[in-house]
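Containing PDB, C-alpha atoms and all ligand atoms: my_file-v5.pdb.
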ATOM      1  CA  MET A   1     132.782 -20.373   2.813
ATOM      2  CA  ASN A   2     129.614 -18.568   3.653
ATOM      3  CA  GLY A   3     131.182 -15.110   3.532
ATOM      4  CA  LYS A   4     130.641 -14.229   7.191
ATOM      5  CA  THR A   5     132.837 -11.332   8.270
ATOM      6  CA  GLY A   6     134.023 -10.116  11.639
ATOM      7  CA  ASN A   7     131.757  -7.113  11.398
ATOM      8  CA  GLU A   8     128.605  -9.144  11.909
ATOM      9  CA  PRO A   9     127.039  -9.900  15.306
ATOM     10  CA  LYS A  10     129.060 -12.241  17.465
ATOM     11  CA  ARG A  11     127.857 -14.920  19.791
ATOM     12  CA  HIS A  12     129.305 -17.495  22.094
ATOM     13  CA  SER A  13     128.786 -21.201  22.373
ATOM     14  CA  PRO A  14     130.947 -23.887  24.023
ATOM     15  CA  GLY A  15     131.692 -25.625  20.714
ATOM     16  CA  ALA A  16     130.961 -25.717  17.016
ATOM     17  CA  SER A  17     127.331 -25.106  16.186
ATOM     18  CA  ARG A  18     125.680 -28.074  14.538
ATOM     19  CA  ASP A  19     123.932 -25.882  11.976
ATOM     20  CA  GLY A  20     127.280 -24.839  10.496
ATOM     21  CA  GLU A  21     127.133 -21.181  11.499
ATOM     22  CA  PRO A  22     130.620 -20.008  12.538
ATOM     23  CA  VAL A  23     130.967 -19.374  16.264
ATOM     24  CA  ILE A  24     132.968 -16.309  17.219
ATOM     25  CA  HIS A  25     133.629 -15.456  20.868
ATOM     26  CA  THR A  26     132.471 -11.986  21.843
ATOM     27  CA  SER A  27     136.017 -11.029  22.890
ATOM     28  CA  ALA A  28     137.528 -11.928  19.484
ATOM     29  CA  SER A  29     138.466  -9.141  17.081
ATOM     30  CA  LEU A  30     138.080  -9.760  13.344
ATOM     31  CA  HIS A  31     138.502  -7.387  10.450
ATOM     32  CA  ASP A  32     138.170  -8.207   6.743
ATOM     33  CA  CYS A  33     137.935 -11.972   7.413
ATOM     34  CA  LYS A  34     135.963 -14.858   6.005
ATOM     35  CA  LEU A  35     134.990 -17.913   8.002
ATOM     36  CA  GLY A  36     133.703 -21.157   6.575
ATOM     37  CA  ARG A  37     131.014 -23.442   7.921
ATOM     38  CA  PHE A  38     131.503 -24.961  11.396
ATOM     39  CA  CYS A  39     134.437 -22.629  12.171
ATOM     40  CA  GLU A  40     135.198 -21.582  15.728
ATOM     41  CA  VAL A  41     137.099 -18.516  16.863
ATOM     42  CA  LYS A  42     137.805 -18.545  20.593
ATOM     43  CA  GLU A  43     138.530 -16.004  23.323
ATOM     44  CA  ARG A  44     140.601 -12.942  22.415
ATOM     45  CA  VAL A  45     141.607 -14.230  18.989
ATOM     46  CA  LEU A  46     142.689 -11.462  16.640
ATOM     47  CA  MET A  47     142.269 -11.920  12.876
ATOM     48  CA  ARG A  48     143.090  -9.433  10.131
ATOM     49  CA  SER A  49     142.486  -9.965   6.382
ATOM     50  CA  SER A  50     142.458 -13.737   6.882
ATOM     51  CA  THR A  51     140.306 -16.726   6.057
ATOM     52  CA  LEU A  52     139.448 -19.915   7.943
ATOM     53  CA  GLY A  53     138.227 -22.819   5.830
ATOM     54  CA  ASP A  54     135.255 -24.981   6.829
ATOM     55  CA  TYR A  55     135.566 -26.716  10.236
ATOM     56  CA  SER A  56     138.826 -24.918  11.106
ATOM     57  CA  TYR A  57     139.240 -23.373  14.510
ATOM     58  CA  ALA A  58     141.524 -20.940  16.298
ATOM     59  CA  GLU A  59     141.954 -21.424  20.042
ATOM     60  CA  ARG A  60     142.438 -18.728  22.681
ATOM     61  CA  HIS A  61     144.738 -15.729  22.075
ATOM     62  CA  CYS A  62     145.735 -16.678  18.526
ATOM     63  CA  GLU A  63     146.674 -14.006  16.020
ATOM     64  CA  LEU A  64     146.137 -14.605  12.308
ATOM     65  CA  ILE A  65     147.347 -11.812  10.049
ATOM     66  CA  TYR A  66     147.083 -12.041   6.236
ATOM     67  CA  THR A  67     146.644 -15.804   6.537
ATOM     68  CA  GLN A  68     144.730 -18.211   4.344
ATOM     69  CA  THR A  69     143.719 -21.393   6.134
ATOM     70  CA  GLY A  70     142.275 -24.492   4.531
ATOM     71  CA  LYS A  71     139.584 -26.763   5.913
ATOM     72  CA  PHE A  72     139.827 -28.781   9.165
ATOM     73  CA  CYS A  73     142.817 -26.865  10.527
ATOM     74  CA  ALA A  74     143.354 -26.915  14.294
ATOM     75  CA  ILE A  75     145.201 -23.872  15.571
ATOM     76  CA  ALA A  76     146.133 -24.190  19.239
ATOM     77  CA  ALA A  77     146.122 -21.388  21.784
ATOM     78  CA  ASP A  78     148.695 -18.559  21.610
ATOM     79  CA  VAL A  79     149.684 -19.281  18.014
ATOM     80  CA  ARG A  80     150.819 -16.419  15.792
ATOM     81  CA  LEU A  81     150.284 -16.998  12.085
ATOM     82  CA  ASN A  82     152.308 -14.382  10.255
ATOM     83  CA  ALA A  83     154.554 -12.438  12.583
ATOM     84  CA  LEU A  84     155.026  -9.412  10.334
ATOM     85  CA  ASN A  85     158.428  -7.929   9.643
ATOM     86  CA  HIS A  86     159.342  -4.313  10.225
ATOM     87  CA  PRO A  87     161.218  -2.417   7.470
ATOM     88  CA  VAL A  88     164.747  -3.096   8.754
ATOM     89  CA  HIS A  89     166.252  -1.510   5.620
ATOM     90  CA  ARG A  90     164.797   1.907   6.446
ATOM     91  CA  VAL A  91     166.551   4.603   8.492
ATOM     92  CA  SER A  92     164.122   3.697  11.265
ATOM     93  CA  GLN A  93     162.261   0.418  11.474
ATOM     94  CA  HIS A  94     159.708   1.901  13.902
ATOM     95  CA  LYS A  95     156.109   1.968  12.722
ATOM     96  CA  PHE A  96     156.038   5.767  12.544
ATOM     97  CA  THR A  97     157.646   5.411   9.091
ATOM     98  CA  TYR A  98     154.735   3.376   7.710
ATOM     99  CA  ARG A  99     151.954   4.578   9.983
ATOM    100  CA  ALA A 100     152.885   8.239   9.875
ATOM    101  CA  ASN A 101     149.176   9.125  10.044
ATOM    102  CA  GLU A 102     149.131   7.945  13.678
ATOM    103  CA  TYR A 103     151.801  10.471  14.658
ATOM    104  CA  PHE A 104     151.725  13.490  12.330
ATOM    105  CA  VAL A 105     148.865  15.659  11.139
ATOM    106  CA  GLY A 106     148.482  15.499   7.362
ATOM    107  CA  LYS A 107     150.649  12.369   6.917
ATOM    108  CA  LYS A 108     149.279   9.210   5.367
ATOM    109  CA  LEU A 109     149.429   5.485   5.961
ATOM    110  CA  ASP A 110     152.078   3.860   3.720
ATOM    111  CA  HIS A 111     149.652   1.796   1.629
ATOM    112  CA  GLN A 112     152.433   0.422  -0.573
ATOM    113  CA  PHE A 113     154.244  -1.039   2.429
ATOM    114  CA  ARG A 114     150.998  -2.518   3.759
ATOM    115  CA  GLU A 115     150.125  -4.012   0.359
ATOM    116  CA  LYS A 116     153.594  -5.549   0.002
ATOM    117  CA  ARG A 117     153.382  -7.181   3.445
ATOM    118  CA  MET A 118     149.906  -8.430   2.626
ATOM    119  CA  GLN A 119     150.761  -9.900  -0.789
ATOM    120  CA  GLU A 120     154.346 -11.143  -0.379
ATOM    121  CA  GLY A 121     154.056 -12.157   3.248
ATOM    122  CA  ARG A 122     150.777 -14.074   3.125
ATOM    123  CA  VAL A 123     150.859 -17.294   5.174
ATOM    124  CA  VAL A 124     149.022 -20.254   3.651
ATOM    125  CA  LEU A 125     147.888 -23.417   5.437
ATOM    126  CA  GLY A 126     146.535 -26.412   3.534
ATOM    127  CA  HIS A 127     143.820 -28.680   4.942
ATOM    128  CA  ASP A 128     143.955 -30.761   8.133
ATOM    129  CA  VAL A 129     146.951 -28.830   9.500
ATOM    130  CA  TRP A 130     147.549 -28.875  13.255
ATOM    131  CA  VAL A 131     149.555 -25.982  14.683
ATOM    132  CA  GLY A 132     150.718 -26.660  18.253
ATOM    133  CA  HIS A 133     150.534 -24.359  21.245
ATOM    134  CA  GLY A 134     152.387 -21.075  20.973
ATOM    135  CA  ALA A 135     153.933 -21.713  17.561
ATOM    136  CA  ILE A 136     154.974 -18.758  15.426
ATOM    137  CA  VAL A 137     154.854 -18.846  11.632
ATOM    138  CA  LEU A 138     156.889 -16.218   9.809
ATOM    139  CA  PRO A 139     155.729 -14.285   6.727
ATOM    140  CA  GLY A 140     155.392 -16.027   3.385
ATOM    141  CA  VAL A 141     155.478 -19.564   4.787
ATOM    142  CA  GLU A 142     153.262 -22.269   3.299
ATOM    143  CA  ILE A 143     152.301 -25.274   5.415
ATOM    144  CA  GLY A 144     151.163 -28.285   3.432
ATOM    145  CA  THR A 145     148.001 -30.307   3.928
ATOM    146  CA  GLY A 146     148.153 -32.751   6.827
ATOM    147  CA  ALA A 147     151.273 -31.179   8.361
ATOM    148  CA  VAL A 148     151.924 -30.763  12.096
ATOM    149  CA  VAL A 149     153.752 -27.847  13.700
ATOM    150  CA  GLY A 150     155.070 -28.693  17.176
ATOM    151  CA  ALA A 151     154.364 -26.627  20.273
ATOM    152  CA  GLY A 152     156.560 -23.540  20.503
ATOM    153  CA  ALA A 153     158.018 -23.888  17.005
ATOM    154  CA  VAL A 154     159.207 -20.932  14.959
ATOM    155  CA  VAL A 155     158.475 -21.872  11.365
ATOM    156  CA  THR A 156     160.768 -20.067   8.933
ATOM    157  CA  ARG A 157     160.487 -22.329   5.851
ATOM    158  CA  ASN A 158     157.690 -24.050   3.956
ATOM    159  CA  VAL A 159     156.465 -27.353   5.403
ATOM    160  CA  GLU A 160     155.744 -30.353   3.158
ATOM    161  CA  PRO A 161     152.337 -32.067   3.268
ATOM    162  CA  TYR A 162     152.100 -34.605   6.093
ATOM    163  CA  ALA A 163     155.453 -33.527   7.609
ATOM    164  CA  ILE A 164     155.839 -33.020  11.360
ATOM    165  CA  VAL A 165     158.161 -30.135  12.231
ATOM    166  CA  ALA A 166     159.240 -28.767  15.605
ATOM    167  CA  GLY A 167     161.769 -26.489  17.294
ATOM    168  CA  THR A 168     163.256 -23.071  16.673
ATOM    169  CA  PRO A 169     163.819 -22.819  13.795
ATOM    170  CA  ALA A 170     161.365 -25.598  12.975
ATOM    171  CA  ARG A 171     163.054 -28.722  11.598
ATOM    172  CA  PHE A 172     161.649 -31.908  10.146
ATOM    173  CA  VAL A 173     160.903 -34.478  12.877
ATOM    174  CA  ARG A 174     159.220 -37.264  10.895
ATOM    175  CA  TRP A 175     156.491 -37.962   8.358
ATOM    176  CA  ARG A 176     153.013 -38.356   9.777
ATOM    177  CA  PHE A 177     152.364 -41.213   7.326
ATOM    178  CA  GLU A 178     154.391 -43.195   4.787
ATOM    179  CA  PRO A 179     154.629 -41.323   1.432
ATOM    180  CA  ASP A 180     152.218 -43.660  -0.398
ATOM    181  CA  VAL A 181     149.603 -43.216   2.347
ATOM    182  CA  ALA A 182     150.017 -39.436   2.211
ATOM    183  CA  LYS A 183     149.577 -39.540  -1.567
ATOM    184  CA  ARG A 184     146.395 -41.579  -1.248
ATOM    185  CA  LEU A 185     144.991 -39.128   1.305
ATOM    186  CA  LEU A 186     145.858 -36.172  -0.910
ATOM    187  CA  ARG A 187     144.071 -37.848  -3.762
ATOM    188  CA  LEU A 188     141.040 -38.866  -1.686
ATOM    189  CA  GLN A 189     140.553 -35.272  -0.461
ATOM    190  CA  TRP A 190     138.133 -36.314   2.283
ATOM    191  CA  TRP A 191     138.136 -32.654   3.417
ATOM    192  CA  ASN A 192     135.991 -31.844   0.376
ATOM    193  CA  TRP A 193     133.309 -34.364   1.297
ATOM    194  CA  SER A 194     129.837 -33.157   2.180
ATOM    195  CA  HIS A 195     128.818 -32.866   5.815
ATOM    196  CA  ASP A 196     126.535 -35.891   5.412
ATOM    197  CA  ARG A 197     129.288 -37.999   3.895
ATOM    198  CA  LEU A 198     131.612 -37.027   6.747
ATOM    199  CA  ALA A 199     128.935 -37.987   9.265
ATOM    200  CA  ASP A 200     128.774 -41.438   7.651
ATOM    201  CA  ALA A 201     132.579 -41.808   7.639
ATOM    202  CA  VAL A 202     133.525 -40.273  10.983
ATOM    203  CA  ASP A 203     133.366 -43.545  12.966
ATOM    204  CA  ASP A 204     135.718 -45.171  10.456
ATOM    205  CA  MET A 205     138.031 -42.168  10.581
ATOM    206  CA  ALA A 206     138.309 -42.617  14.316
ATOM    207  CA  GLY A 207     138.263 -46.404  14.432
ATOM    208  CA  LEU A 208     140.148 -47.721  11.391
ATOM    209  CA  GLU A 209     143.875 -47.665  10.749
ATOM    210  CA  VAL A 210     144.565 -45.109   8.032
ATOM    211  CA  GLU A 211     145.360 -47.796   5.417
ATOM    212  CA  GLU A 212     142.170 -49.710   6.266
ATOM    213  CA  PHE A 213     140.266 -46.474   5.912
ATOM    214  CA  LEU A 214     141.836 -45.788   2.525
ATOM    215  CA  ASP A 215     141.156 -49.345   1.314
ATOM    216  CA  LYS A 216     137.505 -48.906   2.234
ATOM    217  CA  TYR A 217     137.050 -45.393   0.843
ATOM    218  CA  ASP A 218     139.357 -45.117  -2.155
ATOM    219  CA  GLY A 219     138.738 -48.677  -3.288
ATOM    220  CA  GLY A 220     142.475 -49.462  -3.045
ATOM    221  CA  ILE A 221     143.228 -47.556  -6.258
ATOM    222  CA  GLU A 222     146.908 -47.887  -7.219
ATOM    223  CA  ILE A 223     148.966 -44.688  -7.170
TER     224      ILE A 223
HETATM  225  C1  LIG B   1     155.402 -32.143  17.371
HETATM  226  C2  LIG B   1     154.751 -33.291  18.117
HETATM  227  C3  LIG B   1     153.377 -33.598  17.528
HETATM  228  C4  LIG B   1     155.711 -34.449  17.881
HETATM  229  O1  LIG B   1     155.222 -35.602  18.420
HETATM  230  P1  LIG B   1     156.013 -36.999  18.142
HETATM  231  O2  LIG B   1     156.093 -37.267  16.692
HETATM  232  O3  LIG B   1     155.336 -38.010  19.022
HETATM  233  O4  LIG B   1     157.482 -36.652  18.570
HETATM  234  P2  LIG B   1     158.378 -37.293  19.727
HETATM  235  O5  LIG B   1     157.782 -36.975  21.065
HETATM  236  O6  LIG B   1     158.644 -38.729  19.384
HETATM  237  O7  LIG B   1     159.698 -36.453  19.577
HETATM  238  C5  LIG B   1     160.568 -36.584  18.457
HETATM  239  C6  LIG B   1     161.723 -35.608  18.637
HETATM  240  O8  LIG B   1     161.219 -34.268  18.433
HETATM  241  C7  LIG B   1     161.430 -33.485  19.619
HETATM  242  N1  LIG B   1     160.218 -32.672  19.805
HETATM  243  C8  LIG B   1     158.936 -33.088  19.880
HETATM  244  N2  LIG B   1     158.110 -32.063  20.021
HETATM  245  C9  LIG B   1     158.887 -30.968  20.053
HETATM  246  C10 LIG B   1     158.605 -29.604  20.190
HETATM  247  N3  LIG B   1     157.350 -29.172  20.296
HETATM  248  N4  LIG B   1     159.632 -28.734  20.142
HETATM  249  C11 LIG B   1     160.898 -29.156  20.016
HETATM  250  N5  LIG B   1     161.240 -30.454  19.876
HETATM  251  C12 LIG B   1     160.231 -31.339  19.909
HETATM  252  C13 LIG B   1     161.613 -34.492  20.746
HETATM  253  O9  LIG B   1     162.367 -33.941  21.780
HETATM  254  C14 LIG B   1     162.327 -35.592  20.019
HETATM  255  O10 LIG B   1     163.674 -35.237  19.843
HETATM  256  P3  LIG B   1     164.859 -36.320  20.081
HETATM  257  O11 LIG B   1     164.632 -37.375  19.018
HETATM  258  O12 LIG B   1     166.099 -35.529  19.885
HETATM  259  O13 LIG B   1     164.665 -36.853  21.457
HETATM  260  C15 LIG B   1     154.527 -32.984  19.631
HETATM  261  O14 LIG B   1     155.736 -33.138  20.340
HETATM  262  C16 LIG B   1     153.991 -31.576  19.874
HETATM  263  O15 LIG B   1     154.705 -30.573  19.936
HETATM  264  N6  LIG B   1     152.641 -31.509  19.994
HETATM  265  C17 LIG B   1     151.929 -30.261  20.153
HETATM  266  C18 LIG B   1     151.019 -30.336  21.393
HETATM  267  C19 LIG B   1     150.225 -29.063  21.556
HETATM  268  O16 LIG B   1     150.681 -27.981  21.255
HETATM  269  N7  LIG B   1     148.981 -29.186  21.990
HETATM  270  C20 LIG B   1     148.131 -28.017  22.132
HETATM  271  C21 LIG B   1     146.695 -28.392  22.214
HETATM  272  S1  LIG B   1     145.995 -28.584  20.610
END
What is this structure when it is put down as structure tokens?
Ligand SMILES: CC(C)(COP(=O)(O)OP(=O)(O)OC[C@H]1O[C@@H](n2cnc3c(N)ncnc32)[C@H](O)[C@@H]1OP(=O)(O)O)[C@@H](O)C(=O)NCCC(=O)NCCS
Amino acid sequence: MNGKTGNEPKRHSPGASRDGEPVIHTSASLHDCKLGRFCEVKERVLMRSSTLGDYSYAERHCELIYTQTGKFCAIAADVRLNALNHPVHRVSQHKFTYRANEYFVGKKLDHQFREKRMQEGRVVLGHDVWVGHGAIVLPGVEIGTGAVVGAGAVVTRNVEPYAIVAGTPARFVRWRFEPDVAKRLLRLQWWNWSHDRLADAVDDMAGLEVEEFLDKYDGGIEI
């Protein structure tokens, strides 16, 4: 991460910049966020107290609230990562109970409530996660490395690495790869490779079957 925040100047480019500078559309709104190298944040994305790991991108109209995202995550348009809960146990669940400062002179923001939502409700995505169009991830959910969330899913429970889930509530559809292949990928951790090493490997990533790729790059180490 290079520590860029949403408060710095924004610029627009049709894709990732090749120098690694994050690209943030001028219509995006970011507060207290960190973006890694080669990140892209598209039109009207809203991010609050969230991070995007290197090479990750958020497509149009996404909302990421208190969300930690690993590297190489692809977040499709209209996704909501962390749909916050209102305090249903209170007399009123309306925001005037925790944002009293917006309604009454001399009243304060309920920092404790905000802190609790931020800490206990944080959404965490591993690396190489693909979240399909319009999916909603509820507070506190962790989505493992390599997982896929289907279009329109409502994810209420944690998702295992390399699982594909879909539906409302999201249910397991299938594994993306056989368990031994997933284990080899998790051990290889290609997402931590340098940009130069990725440049050398990208044709094989696109062209080889995953097992061929692993045989070439992990030397066929037994697991
Ligand atoms: C989740 C997804 C990757 C699954 O692909 P797949 O493994 O090829 O799955 P299949 O098409 O074989 O479907 C398997 C089952 O899951 C169901 N299913 C697939 N995607 C679903 C979805 N998004 N929501 C609900 N059910 C879904 C299918 O109906 C099927 O159910 P059945 O066995 O009862 O008939 C894909 O369907 C999807 O949602 N992709 C997201 C596309 C997107 O959002 N693109 C945005 C641009 S980045």
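Restricting the atom set to only C-alpha atoms and all ligand atoms, one finds that the residues within 9 Å of ligand LIG 1 (chain B) amount to A:Glu59, A:Ala74, A:Ile75, A:Ala76, A:Ala77, A:Trp130, A:Val131, A:Gly132, A:His133, A:Gly134, A:Ala135, A:Val148, A:Val149, A:Gly150, A:Ala151, A:Gly152, A:Ala153, A:Ile164, A:Val165, A:Ala166, A:Gly167, A:Thr168, A:Ala170, A:Arg171, A:Phe172, A:Val173, A:Arg174, A:Trp175, A:Arg176.
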Ref. answer, residues at most 12 Å from (149.1, -41.3, -1.6) with only C-alpha atoms, as a PyMOL selection string: chain A and resi 161-162+177-189+210-211+214-215+218+220-223
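Separating atom CA of A:Arg114 from atom CA of A:Ala100 is a distance of 12.5 Å.
Evaluated against the shown file, the PyMOL selection byres (((chain A and resi 117) around 12) and not hetatm) gives Ser49, Ile65, Tyr66, Thr67, Asn82, Ala83, Leu84, Asn85, His86, Pro87, Tyr98, Asp110, His111, Gln112, Phe113, Arg114, Glu115, Lys116, Met118, Gln119, Glu120, Gly121, Arg122, Val123, Leu138, Pro139 and Gly140 of chain A.
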Distance of atom CA of A:Leu64 from atom CA of A:His94, expressed in Å to one decimal place: 21.4 Å
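When all atoms listed in the file are used to compute distances to A:Ala58, the closest of the residues A:Val105, A:Ala206, A:Val129, A:Val88 turns out to be A:Val129.
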Top pick for closest residue to A:Leu125, considering A:Ser27, A:Thr145, A:Gln93, A:Ser50 and counting all atoms listed in the file: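 That would be A:Thr145, the residue with the smallest distance to A:Leu125.
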Calculate, to one decimal in Å, the centre and edge lengths of the box along x, y and z of the file that holds all listed atoms of stretch 82-95 of chain A with 3 Å of margin on each side, and present them as lines of an AutoDock Vina configuration file.
center_x = 159.4
center_y = -4.9
center_z = 9.8
size_x = 20.2
size_y = 25.0
size_z = 14.3
Distance of atom CA of A:Glu40 from atom CA of A:Leu52, expressed in Å to one decimal place: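 It comes out at 9.0 Å.
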Near-A:Ile136 list (6 Å; only C-alpha atoms; drop same-chain fewer than 2 positions) as a VMD selection string: chain A and resid 79 to 80 154
Using all atoms listed in the file: which of A:Ser194, A:Glu212, A:Glu63, A:Leu81 has the shortest distance to A:Val155: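 Of A:Ser194, A:Glu212, A:Glu63, A:Leu81, the one nearest A:Val155, counting all atoms listed in the file, is A:Leu81.
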Reference answer for the PyMOL selection byres (((chain A and resi 195) around 12) and not hetatm), as a PyMOL selection string: chain A and resi 18-20+37-38+54-55+190-194+196-202
Nearest-residue call for A:Thr97, choices A:Cys33, A:Leu109, A:Ala163, A:Pro169, using all atoms listed in the file: A:Leu109
Matched chain/residue IDs from the PyMOL selection byres (((chain A and resi 143) around 6) and not hetatm), as a PyMOL selection string: chain A and resi 125+142+144+158-159
